[in-house]
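Trainee: Got a structure for you, work_38.cif, holding mmCIF, C-alpha atoms.
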```cif
data_entry
#
loop_
_atom_site.group_PDB
_atom_site.id
_atom_site.type_symbol
_atom_site.label_atom_id
_atom_site.label_comp_id
_atom_site.auth_asym_id
_atom_site.auth_seq_id
_atom_site.Cartn_x
_atom_site.Cartn_y
_atom_site.Cartn_z
ATOM 1 C CA ALA A 1 114.730 86.343 121.133
ATOM 2 C CA ARG A 2 117.184 89.280 121.060
ATOM 3 C CA ARG A 3 119.396 87.266 118.740
ATOM 4 C CA ASP A 4 116.402 86.676 116.464
ATOM 5 C CA VAL A 5 115.674 90.411 116.315
ATOM 6 C CA ALA A 6 119.323 91.168 115.493
ATOM 7 C CA ASP A 7 119.451 88.415 112.868
ATOM 8 C CA LEU A 8 116.178 89.587 111.326
ATOM 9 C CA ARG A 9 117.477 93.153 111.208
ATOM 10 C CA ALA A 10 120.706 92.061 109.514
ATOM 11 C CA ALA A 11 118.859 90.003 106.897
ATOM 12 C CA LEU A 12 116.252 92.641 106.121
ATOM 13 C CA ASP A 13 118.793 95.480 106.057
ATOM 14 C CA GLU A 14 120.712 93.473 103.442
ATOM 15 C CA LEU A 15 117.474 92.849 101.485
ATOM 16 C CA ASP A 16 118.050 89.118 101.939
ATOM 17 C CA ALA A 17 114.617 87.503 101.824
ATOM 18 C CA GLN A 18 115.916 83.945 102.098
ATOM 19 C CA GLN A 19 117.852 84.689 105.298
ATOM 20 C CA ALA A 20 114.940 86.677 106.778
ATOM 21 C CA HIS A 21 112.604 83.727 106.212
ATOM 22 C CA LEU A 22 115.141 81.390 107.808
ATOM 23 C CA VAL A 23 115.274 83.636 110.888
ATOM 24 C CA LEU A 24 111.476 83.685 111.085
ATOM 25 C CA ASP A 25 111.310 79.911 110.574
ATOM 26 C CA ARG A 26 113.794 79.402 113.403
ATOM 27 C CA ALA A 27 111.838 81.688 115.752
ATOM 28 C CA LEU A 28 108.499 80.087 114.850
ATOM 29 C CA GLY A 29 110.027 76.673 115.496
ATOM 30 C CA ARG A 30 111.057 77.672 119.022
ATOM 31 C CA TYR A 31 108.248 79.950 120.189
ATOM 32 C CA THR A 32 104.501 80.352 119.759
ATOM 33 C CA LEU A 33 103.300 82.706 117.051
ATOM 34 C CA GLU A 34 102.207 85.238 119.660
ATOM 35 C CA SER A 35 105.658 85.132 121.257
ATOM 36 C CA VAL A 36 107.363 85.647 117.892
ATOM 37 C CA LEU A 37 105.106 88.631 117.222
ATOM 38 C CA SER A 38 105.768 90.123 120.685
ATOM 39 C CA TRP A 39 109.444 89.270 121.087
ATOM 40 C CA VAL A 40 110.755 89.441 117.514
ATOM 41 C CA VAL A 41 108.500 91.189 115.001
ATOM 42 C CA LEU A 42 107.261 94.099 117.140
ATOM 43 C CA PRO A 43 110.734 94.948 118.519
ATOM 44 C CA TYR A 44 112.140 94.753 115.002
ATOM 45 C CA LEU A 45 109.419 97.072 113.639
ATOM 46 C CA LYS A 46 109.975 99.549 116.490
ATOM 47 C CA ASP A 47 113.702 99.568 115.764
ATOM 48 C CA LEU A 48 113.110 99.974 112.034
ATOM 49 C CA GLY A 49 110.709 102.883 112.590
ATOM 50 C CA ASP A 50 113.173 104.600 114.932
ATOM 51 C CA ARG A 51 116.021 104.142 112.460
ATOM 52 C CA TRP A 52 113.859 105.384 109.583
ATOM 53 C CA GLU A 53 112.953 108.548 111.526
ATOM 54 C CA ARG A 54 116.668 109.193 112.203
ATOM 55 C CA GLY A 55 117.536 108.637 108.545
ATOM 56 C CA GLU A 56 119.490 105.452 109.352
ATOM 57 C CA ALA A 57 117.237 103.110 107.365
ATOM 58 C CA SER A 58 116.411 103.714 103.729
ATOM 59 C CA VAL A 59 112.971 103.786 102.165
ATOM 60 C CA ALA A 60 114.007 100.688 100.215
ATOM 61 C CA GLN A 61 114.869 98.837 103.437
ATOM 62 C CA GLU A 62 111.606 99.895 105.085
ATOM 63 C CA HIS A 63 109.505 98.855 102.076
ATOM 64 C CA PHE A 64 111.366 95.567 101.637
ATOM 65 C CA ALA A 65 110.993 94.658 105.311
ATOM 66 C CA SER A 66 107.340 95.687 105.495
ATOM 67 C CA ASN A 67 106.397 93.768 102.366
ATOM 68 C CA LEU A 68 108.287 90.630 103.382
ATOM 69 C CA LEU A 69 106.739 90.663 106.863
ATOM 70 C CA ARG A 70 103.260 91.458 105.510
ATOM 71 C CA GLY A 71 103.457 88.507 103.129
ATOM 72 C CA ARG A 72 104.688 86.179 105.831
ATOM 73 C CA LEU A 73 102.052 87.272 108.355
ATOM 74 C CA LEU A 74 99.228 87.042 105.840
ATOM 75 C CA ALA A 75 100.397 83.531 104.944
ATOM 76 C CA LEU A 76 100.115 82.650 108.644
ATOM 77 C CA ALA A 77 96.629 84.196 108.615
ATOM 78 C CA ARG A 78 95.257 81.782 106.006
ATOM 79 C CA GLY A 79 91.877 80.539 107.117
ATOM 80 C CA TRP A 80 91.486 83.117 109.876
ATOM 81 C CA GLY A 81 87.947 83.796 108.714
ATOM 82 C CA ARG A 82 86.785 80.240 109.440
ATOM 83 C CA GLY A 83 85.457 78.939 112.711
ATOM 84 C CA GLY A 84 82.591 79.411 115.068
ATOM 85 C CA GLY A 85 83.910 82.212 117.262
ATOM 86 C CA PRO A 86 82.868 85.843 117.198
ATOM 87 C CA ALA A 87 83.779 87.869 114.128
ATOM 88 C CA ALA A 88 86.147 90.826 114.201
ATOM 89 C CA LEU A 89 86.213 93.280 111.306
ATOM 90 C CA LEU A 90 89.672 94.839 110.911
ATOM 91 C CA ALA A 91 90.528 97.860 108.766
ATOM 92 C CA CYS A 92 93.044 100.661 108.583
ATOM 93 C CA ALA A 93 91.608 104.177 108.603
ATOM 94 C CA PRO A 94 91.409 106.060 105.320
ATOM 95 C CA GLY A 95 94.903 107.194 104.347
ATOM 96 C CA GLU A 96 96.571 104.712 106.732
ATOM 97 C CA TYR A 97 98.879 102.243 105.017
ATOM 98 C CA HIS A 98 100.673 100.781 108.056
ATOM 99 C CA ASP A 99 98.721 97.548 108.366
ATOM 100 C CA LEU A 100 101.278 95.272 110.055
ATOM 101 C CA PRO A 101 100.069 96.037 113.605
ATOM 102 C CA LEU A 102 96.497 95.319 112.497
ATOM 103 C CA ILE A 103 97.506 91.999 110.936
ATOM 104 C CA MET A 104 99.307 91.046 114.154
ATOM 105 C CA PHE A 105 96.226 91.997 116.176
ATOM 106 C CA GLY A 106 94.125 89.792 113.918
ATOM 107 C CA LEU A 107 96.510 86.867 114.415
ATOM 108 C CA ALA A 108 96.287 87.322 118.196
ATOM 109 C CA LEU A 109 92.475 87.393 118.030
ATOM 110 C CA ARG A 110 92.431 84.296 115.846
ATOM 111 C CA ALA A 111 94.569 82.475 118.434
ATOM 112 C CA ARG A 112 91.764 83.213 120.904
ATOM 113 C CA GLY A 113 89.068 81.743 118.662
ATOM 114 C CA TRP A 114 87.910 84.846 116.782
ATOM 115 C CA ARG A 115 87.023 84.831 113.081
ATOM 116 C CA ILE A 116 88.748 87.637 111.191
ATOM 117 C CA VAL A 117 87.360 89.717 108.339
ATOM 118 C CA TYR A 118 90.322 91.787 107.169
ATOM 119 C CA LEU A 119 89.760 94.817 104.937
ATOM 120 C CA GLY A 120 93.351 96.089 105.054
ATOM 121 C CA ALA A 121 95.034 99.410 104.467
ATOM 122 C CA ASP A 122 93.394 102.699 103.486
ATOM 123 C CA THR A 123 89.792 101.561 103.924
ATOM 124 C CA PRO A 124 87.077 104.168 103.348
ATOM 125 C CA THR A 125 84.789 104.485 106.362
ATOM 126 C CA SER A 126 81.794 103.826 104.114
ATOM 127 C CA SER A 127 83.341 100.451 103.204
ATOM 128 C CA ILE A 128 83.801 99.619 106.877
ATOM 129 C CA ALA A 129 80.107 100.385 107.445
ATOM 130 C CA GLU A 130 79.059 98.258 104.449
ATOM 131 C CA ALA A 131 81.144 95.307 105.603
ATOM 132 C CA ALA A 132 79.828 95.667 109.156
ATOM 133 C CA ALA A 133 76.240 95.552 107.919
ATOM 134 C CA GLU A 134 77.042 92.361 106.004
ATOM 135 C CA VAL A 135 79.165 90.565 108.631
ATOM 136 C CA ARG A 136 77.549 91.849 111.863
ATOM 137 C CA PRO A 137 80.881 91.578 113.749
ATOM 138 C CA ALA A 138 81.227 91.471 117.519
ATOM 139 C CA LEU A 139 84.110 93.952 117.171
ATOM 140 C CA ILE A 140 85.321 96.456 114.615
ATOM 141 C CA ALA A 141 88.960 97.529 114.951
ATOM 142 C CA VAL A 142 90.059 100.588 112.982
ATOM 143 C CA SER A 143 93.800 101.129 113.016
ATOM 144 C CA ALA A 144 95.886 104.260 112.534
ATOM 145 C CA ILE A 145 99.357 105.143 113.749
ATOM 146 C CA ARG A 146 98.494 108.852 113.892
ATOM 147 C CA ALA A 147 95.489 110.126 115.854
ATOM 148 C CA ASP A 148 94.767 112.773 113.196
ATOM 149 C CA ALA A 149 94.021 109.979 110.709
ATOM 150 C CA LEU A 150 90.965 109.151 112.799
ATOM 151 C CA ALA A 151 89.974 112.738 113.618
ATOM 152 C CA SER A 152 88.554 113.428 110.166
ATOM 153 C CA GLU A 153 86.530 110.200 110.403
ATOM 154 C CA ARG A 154 85.145 110.854 113.891
ATOM 155 C CA ASP A 155 81.518 111.407 112.846
ATOM 156 C CA ALA A 156 81.411 108.426 110.485
ATOM 157 C CA LEU A 157 83.031 106.145 113.073
ATOM 158 C CA ALA A 158 80.632 107.410 115.759
ATOM 159 C CA ALA A 159 77.714 106.469 113.499
ATOM 160 C CA ILE A 160 79.123 102.945 113.102
ATOM 161 C CA ALA A 161 79.760 102.730 116.863
ATOM 162 C CA ARG A 162 76.081 103.392 117.586
ATOM 163 C CA GLU A 163 75.369 99.942 116.163
ATOM 164 C CA PHE A 164 78.648 98.045 116.641
ATOM 165 C CA ARG A 165 81.500 97.796 119.139
ATOM 166 C CA VAL A 166 84.314 99.870 117.605
ATOM 167 C CA GLY A 167 87.862 99.996 118.952
#
```
Render the structure in this file as structure tokens.
Mentor:
Amino acid sequence: ARRDVADLRAALDELDAQQAHLVLDRALGRYTLESVLSWVVLPYLKDLGDRWERGEASVAQEHFASNLLRGRLLALARGWGRGGGPAALLACAPGEYHDLPLIMFGLALRARGWRIVYLGADTPTSSIAEAAAEVRPALIAVSAIRADALASERDALAAIAREFRVG
């Protein structure tokens, strides 16, 4: 899997979508989806974030990689709202645009029989509440990479949590 991470990094750093997809295809052919997420995608994203913070990865590289991976993961998520399992409502907090971890969480839940209702990045808390009232999910997951993104929404999330399981 380390080779896959290195190969994915090389392809994405060079903005080579075809090679990046080939690396992902190879990994998905050898491992389960959950293993690819844990052993390849998450380590790659951690490395990319570290390099971006140090100024070693450009904004273009970060955007290219994120958009390619988002597209690929959402393609794998097709049909994740079907089935008879419990429903999970997934949303990023208002102002949060880093949705890749949330998509990966949804894929892991789907593998365990959950139905996914995905609202995506930068979701107003009022929209989360509206969707929850409609879907009546067994779980609501609100994602943010910074704790302060949730702090301003504490009261609204607490109101939702009085009726639903929020994580």
Trainee: Check the smallest atom-to-atom distance from each of A:Phe105, A:Ala151, A:Pro86, A:Phe64 to A:Glu34 using all atoms listed in the file, then report the winner.
Mentor: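 Going through A:Phe105, A:Ala151, A:Pro86, A:Phe64 one by one, the smallest distance to A:Glu34 is for A:Phe105.
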Trainee: Distance atom CA of A:Arg30-atom CA of A:His98, one decimal place?
Mentor: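 Answer for the atom CA of A:Arg30 to atom CA of A:His98 separation: 27.6 Å.
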Trainee: One number please: atom CA of A:Val5 to atom CA of A:Leu45, in Å, one decimal.
Mentor: 9.5 Å
Trainee: Could you list, as a PDB file with C-alpha atoms, in the frame of the given file, every residue within 9 Å of A:Arg2, counting only C-alpha atoms and ignoring same-chain residues fewer than 5 positions away?
Mentor:
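Saved as around_5.pdb:
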```
ATOM      1  CA  ASP A   7     119.451  88.415 112.868  1.00  0.00           C
ATOM      2  CA  TRP A  39     109.444  89.270 121.087  1.00  0.00           C
ATOM      3  CA  VAL A  40     110.755  89.441 117.514  1.00  0.00           C
ATOM      4  CA  PRO A  43     110.734  94.948 118.519  1.00  0.00           C
TER       5      PRO A  43
END
```
Trainee: Quick one: which stretch 100-127 of chain A residues come within 12 Å of stretch 156-159 of chain A, and what is the nearest atom pair for each with the distance in Å to one decimal, counting all atoms listed in the file, rows ordered by chain and ascending number, as CSV?
Mentor:
```
residue,atom,partner,partner_atom,distance
A:Pro124,CA,A:Ala156,CA,10.1
A:Thr125,CA,A:Ala156,CA,6.6
A:Ser126,CA,A:Ala156,CA,7.9
A:Ser127,CA,A:Ala156,CA,11.0
```
Trainee: Around the point (117.3, 90.5, 107.0) in the file's coordinates, collect all residues with an atom within 12 Å, using all atoms listed in the file, and return them as a PyMOL selection string.
Mentor: chain A and resi 4-24+41+44+48+61-62+64-66+68-69
Trainee: For the structure shown, which residues end up in the PyMOL selection byres ((chain A and resi 85) around 6)? Put them as a list in words, please?
Mentor: Gly83, Gly84, Pro86, Gly113, Trp114 and Arg115 of chain A
Trainee: Next, write the just-selected residues to a file, as a JSON list (two decimals), in the frame of the given file, keeping C-alpha atoms as the atom set.
Mentor:
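Saved to again16.json:
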```json
[["chain", "number", "residue", "atom", "x", "y", "z"],
["A", 83, "GLY", "CA", 85.46, 78.94, 112.71],
["A", 84, "GLY", "CA", 82.59, 79.41, 115.07],
["A", 86, "PRO", "CA", 82.87, 85.84, 117.20],
["A", 113, "GLY", "CA", 89.07, 81.74, 118.66],
["A", 114, "TRP", "CA", 87.91, 84.85, 116.78],
["A", 115, "ARG", "CA", 87.02, 84.83, 113.08]]
```
Trainee: Would you compute the distance between atom CA of A:Leu119 and atom CA of A:Leu42? Give it in Å to one decimal.
Mentor: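 Straight-line distance from atom CA of A:Leu119 to atom CA of A:Leu42 works out to 21.3 Å.
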Trainee: Taking 5 positions as the minimum chain separation for residues in the same chain, which residues sit within 10 Å of A:Ala161 when counting all atoms listed in the file? Answer as a PyMOL selection string.
Mentor: chain A and resi 129+139-140+155-156+166-167
Trainee: Counting only C-alpha atoms, which residue out of A:Ala147, A:Val142, A:Ala93, A:Ile103 sits closest to A:Gly71?
Mentor: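 Answer, going by the shortest atom-to-atom distance: A:Ile103.
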Trainee: Expand the PyMOL selection byres ((chain A and resi 89) around 7) into the individual residues it matches in the shown file, reporting them as a list in words.
Mentor: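 Written out, the selection comes to Ala87, Ala88, Leu90, Ala91, Ile116, Val117, Tyr118, Pro137, Leu139, Ile140 and Ala141 of chain A.
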Trainee: Output C-alpha atoms for every residue in the selection just made, as a PDB file, keeping the file's coordinate frame.
Mentor:
```
ATOM      1  CA  ALA A  87      83.779  87.869 114.128  1.00  0.00           C
ATOM      2  CA  ALA A  88      86.147  90.826 114.201  1.00  0.00           C
ATOM      3  CA  LEU A  90      89.672  94.839 110.911  1.00  0.00           C
ATOM      4  CA  ALA A  91      90.528  97.860 108.766  1.00  0.00           C
ATOM      5  CA  ILE A 116      88.748  87.637 111.191  1.00  0.00           C
ATOM      6  CA  VAL A 117      87.360  89.717 108.339  1.00  0.00           C
ATOM      7  CA  TYR A 118      90.322  91.787 107.169  1.00  0.00           C
ATOM      8  CA  PRO A 137      80.881  91.578 113.749  1.00  0.00           C
ATOM      9  CA  LEU A 139      84.110  93.952 117.171  1.00  0.00           C
ATOM     10  CA  ILE A 140      85.321  96.456 114.615  1.00  0.00           C
ATOM     11  CA  ALA A 141      88.960  97.529 114.951  1.00  0.00           C
TER      12      ALA A 141
END
```
Trainee: May I have the residues within 10 Å of A:Leu33 as a PyMOL selection string, using all atoms listed in the file and disregarding those fewer than 2 positions away in the same chain?
Mentor: chain A and resi 27-31+35-39+73+76+104+107-108+111
Trainee: Using C-alpha atoms, can you write the selected residues to a file as a PDB file, in the frame of the given file?
Mentor:
```
ATOM      1  CA  ALA A  27     111.838  81.688 115.752  1.00  0.00           C
ATOM      2  CA  LEU A  28     108.499  80.087 114.850  1.00  0.00           C
ATOM      3  CA  GLY A  29     110.027  76.673 115.496  1.00  0.00           C
ATOM      4  CA  ARG A  30     111.057  77.672 119.022  1.00  0.00           C
ATOM      5  CA  TYR A  31     108.248  79.950 120.189  1.00  0.00           C
ATOM      6  CA  SER A  35     105.658  85.132 121.257  1.00  0.00           C
ATOM      7  CA  VAL A  36     107.363  85.647 117.892  1.00  0.00           C
ATOM      8  CA  LEU A  37     105.106  88.631 117.222  1.00  0.00           C
ATOM      9  CA  SER A  38     105.768  90.123 120.685  1.00  0.00           C
ATOM     10  CA  TRP A  39     109.444  89.270 121.087  1.00  0.00           C
ATOM     11  CA  LEU A  73     102.052  87.272 108.355  1.00  0.00           C
ATOM     12  CA  LEU A  76     100.115  82.650 108.644  1.00  0.00           C
ATOM     13  CA  MET A 104      99.307  91.046 114.154  1.00  0.00           C
ATOM     14  CA  LEU A 107      96.510  86.867 114.415  1.00  0.00           C
ATOM     15  CA  ALA A 108      96.287  87.322 118.196  1.00  0.00           C
ATOM     16  CA  ALA A 111      94.569  82.475 118.434  1.00  0.00           C
TER      17      ALA A 111
END
```
Trainee: Please put the answer as JSON: centre and edge lengths, in Å with one decimal, of a box along x, y and z that encloses all listed atoms of stretch 36-53 of chain A plus 6 Å on each side.
Mentor:
```
{"center_x": 110.6, "center_y": 97.1, "center_z": 115.3, "size_x": 22.9, "size_y": 34.9, "size_z": 23.5}
```
Trainee: Between A:Asp50, A:Ala121, A:Ala60, A:Ala1, which residue has the minimum interatomic distance to A:Cys92, considering all atoms listed in the file?
Mentor: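 Ranked by minimum distance to A:Cys92, first place goes to A:Ala121.
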Trainee: Evaluate the PyMOL selection byres ((chain A and resi 145) around 10) here and jot the selected residues down as a list in words.
Mentor: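 With the shown file as input, the PyMOL selection byres ((chain A and resi 145) around 10) matches Cys92, Ala93, Glu96, Tyr97, His98, Asp99, Pro101, Ser143, Ala144, Arg146, Ala147, Asp148, Ala149 and Leu150 of chain A.
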